[in-house]
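Source file: coords21.cif; contents: mmCIF, C-alpha atoms and all ligand atoms.
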data_entry
#
loop_
_atom_site.group_PDB
_atom_site.id
_atom_site.type_symbol
_atom_site.label_atom_id
_atom_site.label_comp_id
_atom_site.auth_asym_id
_atom_site.auth_seq_id
_atom_site.Cartn_x
_atom_site.Cartn_y
_atom_site.Cartn_z
ATOM 1 C CA MET T 1 -50.320 97.056 103.695
ATOM 2 C CA SER T 2 -50.736 96.698 107.410
ATOM 3 C CA VAL T 3 -48.049 95.567 109.763
ATOM 4 C CA SER T 4 -49.277 94.077 113.000
ATOM 5 C CA THR T 5 -48.068 92.058 115.922
ATOM 6 C CA GLU T 6 -49.203 88.983 113.971
ATOM 7 C CA ASN T 7 -46.004 89.483 111.979
ATOM 8 C CA MET T 8 -44.108 89.523 115.281
ATOM 9 C CA LEU T 9 -42.961 93.018 114.369
ATOM 10 C CA ARG T 10 -42.726 95.271 117.381
ATOM 11 C CA PRO T 11 -41.241 98.661 118.100
ATOM 12 C CA ALA T 12 -39.189 99.206 121.233
ATOM 13 C CA ILE T 13 -37.033 101.860 122.840
ATOM 14 C CA MET T 14 -33.429 101.690 121.629
ATOM 15 C CA ARG T 15 -31.097 100.947 124.526
ATOM 16 C CA ALA T 16 -27.317 100.767 124.793
ATOM 17 C CA ILE T 17 -27.524 96.980 124.641
ATOM 18 C CA ASP T 18 -29.082 97.252 121.155
ATOM 19 C CA LEU T 19 -26.238 99.311 119.705
ATOM 20 C CA THR T 20 -24.190 96.397 118.397
ATOM 21 C CA ALA T 21 -27.117 95.318 116.218
ATOM 22 C CA VAL T 22 -27.906 98.918 115.291
ATOM 23 C CA ILE T 23 -24.325 99.672 114.227
ATOM 24 C CA ASP T 24 -24.234 96.458 112.202
ATOM 25 C CA ILE T 25 -27.323 97.586 110.237
ATOM 26 C CA GLU T 26 -26.086 101.177 109.993
ATOM 27 C CA SER T 27 -22.717 100.152 108.551
ATOM 28 C CA ARG T 28 -24.269 97.819 105.980
ATOM 29 C CA ASN T 29 -26.953 100.241 104.802
ATOM 30 C CA TYR T 30 -25.180 103.613 104.622
ATOM 31 C CA ASP T 31 -22.017 104.530 102.721
ATOM 32 C CA PHE T 32 -21.237 107.045 105.465
ATOM 33 C CA PRO T 33 -22.627 105.467 108.630
ATOM 34 C CA TRP T 34 -23.110 107.079 112.006
ATOM 35 C CA THR T 35 -20.726 105.929 114.707
ATOM 36 C CA LYS T 36 -21.785 104.104 117.842
ATOM 37 C CA GLY T 37 -20.940 107.301 119.735
ATOM 38 C CA ILE T 38 -23.552 109.272 117.797
ATOM 39 C CA PHE T 39 -26.275 106.749 118.674
ATOM 40 C CA SER T 40 -25.104 106.736 122.315
ATOM 41 C CA ASP T 41 -25.289 110.528 122.384
ATOM 42 C CA CYS T 42 -28.839 110.436 120.984
ATOM 43 C CA ILE T 43 -29.928 107.999 123.708
ATOM 44 C CA ARG T 44 -28.168 110.042 126.398
ATOM 45 C CA ALA T 45 -29.719 113.274 125.123
ATOM 46 C CA GLY T 46 -33.184 111.782 125.516
ATOM 47 C CA TYR T 47 -34.078 111.767 121.846
ATOM 48 C CA THR T 48 -36.803 109.387 120.767
ATOM 49 C CA CYS T 49 -34.729 106.386 119.706
ATOM 50 C CA GLN T 50 -36.823 103.504 118.447
ATOM 51 C CA ILE T 51 -35.887 100.088 117.148
ATOM 52 C CA LEU T 52 -38.047 97.661 115.232
ATOM 53 C CA ARG T 53 -37.739 94.008 116.153
ATOM 54 C CA LEU T 54 -38.881 91.129 114.022
ATOM 55 C CA ASP T 55 -39.133 88.319 116.511
ATOM 56 C CA GLU T 56 -35.946 88.932 118.490
ATOM 57 C CA ASP T 57 -33.882 90.503 115.692
ATOM 58 C CA VAL T 58 -33.422 94.245 115.229
ATOM 59 C CA VAL T 59 -34.416 95.031 111.629
ATOM 60 C CA GLY T 60 -34.398 98.820 111.711
ATOM 61 C CA TYR T 61 -34.520 101.969 113.767
ATOM 62 C CA GLY T 62 -35.431 105.615 113.781
ATOM 63 C CA ILE T 63 -34.174 108.634 115.704
ATOM 64 C CA LEU T 64 -36.372 111.654 116.384
ATOM 65 C CA GLN T 65 -35.457 114.897 118.132
ATOM 66 C CA VAL T 66 -38.204 117.222 119.359
ATOM 67 C CA GLY T 67 -37.543 120.695 120.722
ATOM 68 C CA ALA T 68 -40.252 123.295 121.343
ATOM 69 C CA ASP T 69 -42.740 122.825 118.540
ATOM 70 C CA GLU T 70 -40.328 121.393 115.971
ATOM 71 C CA GLY T 71 -39.331 117.802 115.376
ATOM 72 C CA HIS T 72 -36.466 116.441 113.326
ATOM 73 C CA ILE T 73 -36.122 112.907 112.024
ATOM 74 C CA LEU T 74 -32.387 112.367 112.266
ATOM 75 C CA ASN T 75 -32.143 108.787 111.060
ATOM 76 C CA LEU T 76 -34.488 106.135 109.668
ATOM 77 C CA CYS T 77 -33.134 102.846 108.476
ATOM 78 C CA ILE T 78 -34.452 99.389 107.683
ATOM 79 C CA ASP T 79 -31.935 96.639 106.971
ATOM 80 C CA ALA T 80 -31.931 95.838 103.230
ATOM 81 C CA ARG T 81 -32.713 92.203 104.002
ATOM 82 C CA PHE T 82 -36.138 93.390 105.181
ATOM 83 C CA ASN T 83 -36.930 96.053 102.574
ATOM 84 C CA HIS T 84 -40.212 96.332 100.662
ATOM 85 C CA ARG T 85 -42.339 95.037 103.527
ATOM 86 C CA GLY T 86 -43.672 98.420 104.645
ATOM 87 C CA TYR T 87 -41.478 98.512 107.750
ATOM 88 C CA ALA T 88 -40.003 101.968 107.033
ATOM 89 C CA ARG T 89 -43.439 103.348 106.358
ATOM 90 C CA TYR T 90 -44.687 101.843 109.634
ATOM 91 C CA LEU T 91 -41.772 103.287 111.602
ATOM 92 C CA LEU T 92 -42.112 106.675 109.903
ATOM 93 C CA GLU T 93 -45.795 106.865 110.812
ATOM 94 C CA ARG T 94 -44.910 105.921 114.389
ATOM 95 C CA LEU T 95 -42.269 108.661 114.590
ATOM 96 C CA ILE T 96 -44.741 111.204 113.191
ATOM 97 C CA THR T 97 -47.259 110.215 115.884
ATOM 98 C CA MET T 98 -44.612 110.377 118.620
ATOM 99 C CA ALA T 99 -43.463 113.812 117.431
ATOM 100 C CA SER T 100 -47.046 115.043 117.569
ATOM 101 C CA GLN T 101 -47.513 113.598 121.066
ATOM 102 C CA GLN T 102 -44.416 115.534 122.182
ATOM 103 C CA GLY T 103 -45.861 118.800 120.901
ATOM 104 C CA ALA T 104 -44.171 119.154 117.536
ATOM 105 C CA LYS T 105 -46.182 121.139 115.035
ATOM 106 C CA THR T 106 -43.699 120.804 112.195
ATOM 107 C CA LEU T 107 -41.464 117.867 111.387
ATOM 108 C CA PHE T 108 -38.261 118.212 109.354
ATOM 109 C CA LEU T 109 -35.781 115.842 107.784
ATOM 110 C CA GLU T 110 -32.895 115.849 105.340
ATOM 111 C CA VAL T 111 -32.478 113.331 102.555
ATOM 112 C CA ARG T 112 -29.945 112.802 99.808
ATOM 113 C CA PRO T 113 -31.090 113.612 96.241
ATOM 114 C CA SER T 114 -29.462 110.262 95.339
ATOM 115 C CA ASN T 115 -32.025 108.440 97.516
ATOM 116 C CA PRO T 116 -35.209 108.641 95.399
ATOM 117 C CA ARG T 117 -36.918 105.769 97.182
ATOM 118 C CA ALA T 118 -36.683 107.538 100.541
ATOM 119 C CA ILE T 119 -37.801 110.822 98.950
ATOM 120 C CA THR T 120 -40.875 109.098 97.499
ATOM 121 C CA MET T 121 -41.659 107.468 100.830
ATOM 122 C CA TYR T 122 -41.452 110.794 102.654
ATOM 123 C CA ALA T 123 -43.539 112.558 99.988
ATOM 124 C CA LEU T 124 -46.231 109.876 100.218
ATOM 125 C CA ALA T 125 -46.249 110.302 103.993
ATOM 126 C CA GLY T 126 -46.961 114.024 103.576
ATOM 127 C CA PHE T 127 -43.541 115.688 103.573
ATOM 128 C CA ASN T 128 -42.873 118.506 101.111
ATOM 129 C CA GLU T 129 -39.525 119.699 99.837
ATOM 130 C CA ILE T 130 -38.826 123.116 101.379
ATOM 131 C CA GLY T 131 -35.209 123.720 100.468
ATOM 132 C CA VAL T 132 -31.699 122.478 99.902
ATOM 133 C CA ARG T 133 -28.688 122.489 102.210
ATOM 134 C CA LYS T 134 -25.606 122.830 100.028
ATOM 135 C CA ASP T 135 -22.797 120.321 100.507
ATOM 136 C CA TYR T 136 -24.476 118.820 103.561
ATOM 137 C CA TYR T 137 -23.355 115.190 103.239
ATOM 138 C CA ASP T 138 -20.089 113.381 102.683
ATOM 139 C CA SER T 139 -19.976 111.672 99.316
ATOM 140 C CA PHE T 140 -17.456 109.721 97.284
ATOM 141 C CA ASP T 141 -17.233 112.689 94.864
ATOM 142 C CA GLY T 142 -16.740 115.330 97.528
ATOM 143 C CA ARG T 143 -19.974 116.609 99.049
ATOM 144 C CA GLU T 144 -23.673 116.034 98.321
ATOM 145 C CA ASP T 145 -26.501 118.490 98.925
ATOM 146 C CA ALA T 146 -29.396 117.617 101.223
ATOM 147 C CA ILE T 147 -33.020 118.043 100.275
ATOM 148 C CA VAL T 148 -34.848 119.482 103.291
ATOM 149 C CA MET T 149 -38.393 118.193 103.684
ATOM 150 C CA ALA T 150 -41.059 119.262 106.172
ATOM 151 C CA MET T 151 -44.618 118.438 107.113
ATOM 152 C CA ALA T 152 -47.152 120.080 109.362
ATOM 153 C CA ILE T 153 -48.456 117.652 111.982
HETATM 154 C C1 LIG R 201 -35.262 103.803 102.315
HETATM 155 C C2 LIG R 201 -35.657 102.726 103.331
HETATM 156 C C3 LIG R 201 -35.867 103.383 104.685
HETATM 157 C C4 LIG R 201 -36.928 102.021 102.876
HETATM 158 O O1 LIG R 201 -37.212 100.978 103.808
HETATM 159 P P1 LIG R 201 -38.336 99.866 103.487
HETATM 160 O O2 LIG R 201 -38.707 99.203 104.764
HETATM 161 O O3 LIG R 201 -37.895 99.017 102.383
HETATM 162 O O4 LIG R 201 -39.522 100.785 103.030
HETATM 163 P P2 LIG R 201 -41.028 100.326 102.849
HETATM 164 O O5 LIG R 201 -41.168 98.880 102.543
HETATM 165 O O6 LIG R 201 -41.814 100.893 103.969
HETATM 166 O O7 LIG R 201 -41.219 101.050 101.473
HETATM 167 C C5 LIG R 201 -41.762 102.220 101.318
HETATM 168 C C6 LIG R 201 -42.650 101.899 100.140
HETATM 169 O O8 LIG R 201 -43.936 102.297 100.405
HETATM 170 C C7 LIG R 201 -44.253 103.415 99.578
HETATM 171 N N1 LIG R 201 -44.879 104.297 100.526
HETATM 172 C C8 LIG R 201 -44.298 104.922 101.558
HETATM 173 N N2 LIG R 201 -45.190 105.651 102.221
HETATM 174 C C9 LIG R 201 -46.381 105.482 101.601
HETATM 175 C C10 LIG R 201 -47.672 105.987 101.827
HETATM 176 N N3 LIG R 201 -47.959 106.840 102.827
HETATM 177 N N4 LIG R 201 -48.676 105.591 100.999
HETATM 178 C C11 LIG R 201 -48.405 104.744 99.998
HETATM 179 N N5 LIG R 201 -47.186 104.231 99.740
HETATM 180 C C12 LIG R 201 -46.184 104.605 100.543
HETATM 181 C C13 LIG R 201 -42.936 103.879 98.977
HETATM 182 O O9 LIG R 201 -43.055 104.450 97.725
HETATM 183 C C14 LIG R 201 -42.158 102.556 98.911
HETATM 184 O O10 LIG R 201 -42.519 101.839 97.770
HETATM 185 P P3 LIG R 201 -41.620 100.652 97.104
HETATM 186 O O11 LIG R 201 -41.473 99.569 98.137
HETATM 187 O O12 LIG R 201 -42.454 100.206 95.956
HETATM 188 O O13 LIG R 201 -40.305 101.244 96.726
HETATM 189 C C15 LIG R 201 -34.554 101.646 103.432
HETATM 190 O O14 LIG R 201 -34.245 101.189 102.143
HETATM 191 C C16 LIG R 201 -33.303 102.128 104.118
HETATM 192 O O15 LIG R 201 -33.243 102.114 105.328
HETATM 193 N N6 LIG R 201 -32.274 102.504 103.341
HETATM 194 C C17 LIG R 201 -30.974 102.901 103.871
HETATM 195 C C18 LIG R 201 -31.079 104.050 104.801
HETATM 196 C C19 LIG R 201 -31.810 105.216 104.193
HETATM 197 O O16 LIG R 201 -31.613 105.569 103.042
HETATM 198 N N7 LIG R 201 -32.645 105.843 105.030
HETATM 199 C C20 LIG R 201 -33.330 107.063 104.669
HETATM 200 C C21 LIG R 201 -32.398 108.190 104.926
HETATM 201 S S1 LIG R 201 -33.172 109.768 104.732
#

In structure tokens, write the structure found in this file.
Amino acid sequence: MSVSTENMLRPAIMRAIDLTAVIDIESRNYDFPWTKGIFSDCIRAGYTCQILRLDEDVVGYGILQVGADEGHILNLCIDARFNHRGYARYLLERLITMASQQGAKTLFLEVRPSNPRAITMYALAGFNEIGVRKDYYDSFDGREDAIVMAMAI
């Protein structure tokens, strides 16, 4: 599937003014959402913070940190109301390109084992599982491990 401007879908830099919409999506799509402060810190730190707009509405976002030759996708979320349209895949490919442009040679991310759809998406994009971080995430049953995935770019 291709996503183009004909769909009125456009990426943009996440700014402080977008954070109300971002937090709204974050809180509805994660059981353990990031706070507004975390997003503010990412913007302030100069991370690559992207939103996706459909017409004027924010429908998703991604956060990428690049340091030296390593990149880390810290968050990638598409509001459930807009799932299965290829938006996450589009944003992921954009973040991979942006990481490469900033000099990253390897890109990392963590994902919950309980999130098979995201794992499949990352695998199809070229990420491989390279390890597990024990008890990395909050969960309703205590803690949940993280699968660590990486790709060479
Ligand atoms: C997981 C999530 C990001 C998916 O968003 P989405 O916009 O619905 O995803 P897409 O429409 O781009 O779907 C990806 C689809 O393309 C497939 N796909 C992804 N990359 C592909 C590729 N390179 N080639 C072929 N197919 C691909 C996936 O298998 C998936 O298929 P499905 O729709 O049949 O399940 C979204 O549900 C979400 O934000 N969830 C909550 C937050 C979250 O879990 N984020 C990930 C944290 S690590």

Quiz item: So which residues get picked by the PyMOL selection byres (((not hetatm)) within 9 of (chain R and resi 201)) here, written as a PyMOL selection string?
Solution: chain T and resi 1+25-26+28-30+60-61+73-93+109-112+115-126

Self-check item: Ground truth for the PyMOL selection byres (((chain T and resi 53) around 8) and not hetatm), written as a PyMOL selection string
Solution: chain T and resi 8-12+51-52+54-60

Practice problem: Might you pull out every residue within 10 Å of Asp69 in chain T, with all atoms listed in the file counted and same-chain residues fewer than 6 positions away left off, and present them as a PyMOL selection string? | Solution: chain T and resi 99-100+102-107

Exercise. List the residues matched by the PyMOL selection byres (((chain T and resi 136) around 12) and not hetatm) in the displayed structure as a PyMOL selection string, ordered by chain and then by residue number.
Key: chain T and resi 110-113+132-135+137-139+142-148

What are the centre and edge lengths in Å, to one decimal, of the axis-aligned box around all listed atoms of range 13-31 of chain T with 4 Å added on each side, as AutoDock Vina command-line options?
--center_x -29.5 --center_y 99.9 --center_z 113.8 --size_x 23.0 --size_y 17.2 --size_z 30.1

Self-check item: d(CA of Ser40 in chain T, CA of Met149 in chain T) in Å
Solution: 25.6 Å

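Near (-26.1, 102.3, 117.3), the residues that fall inside 6 Å on the basis of all atoms listed in the file are T:Leu19, T:Val22, T:Ile23, T:Lys36, T:Phe39.
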
Quiz prompt | Distance in Å - CA of Phe32 in chain T versus CA of Ile130 in chain T | solution = 24.2 Å

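Shortest atom-to-atom contact with His72 in chain T among T:Cys42, T:Phe108, T:Asp31, T:Met151: T:Phe108, counting only C-alpha atoms.
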
Practice problem: Choose the residue, out of T:Ala21, T:Ile96, T:Arg15, T:Ser114, that has the smallest atom-to-atom separation from Glu70 in chain T; count all atoms listed in the file. | Solution: T:Ile96

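Nearest to Thr35 in chain T of all the residues T:Asn128, T:Thr97, T:Gln65, T:Thr20 is T:Thr20, counting all atoms listed in the file.
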
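Atom pair CA of Arg94 in chain T / CA of Ala45 in chain T: separated by 20.0 Å.
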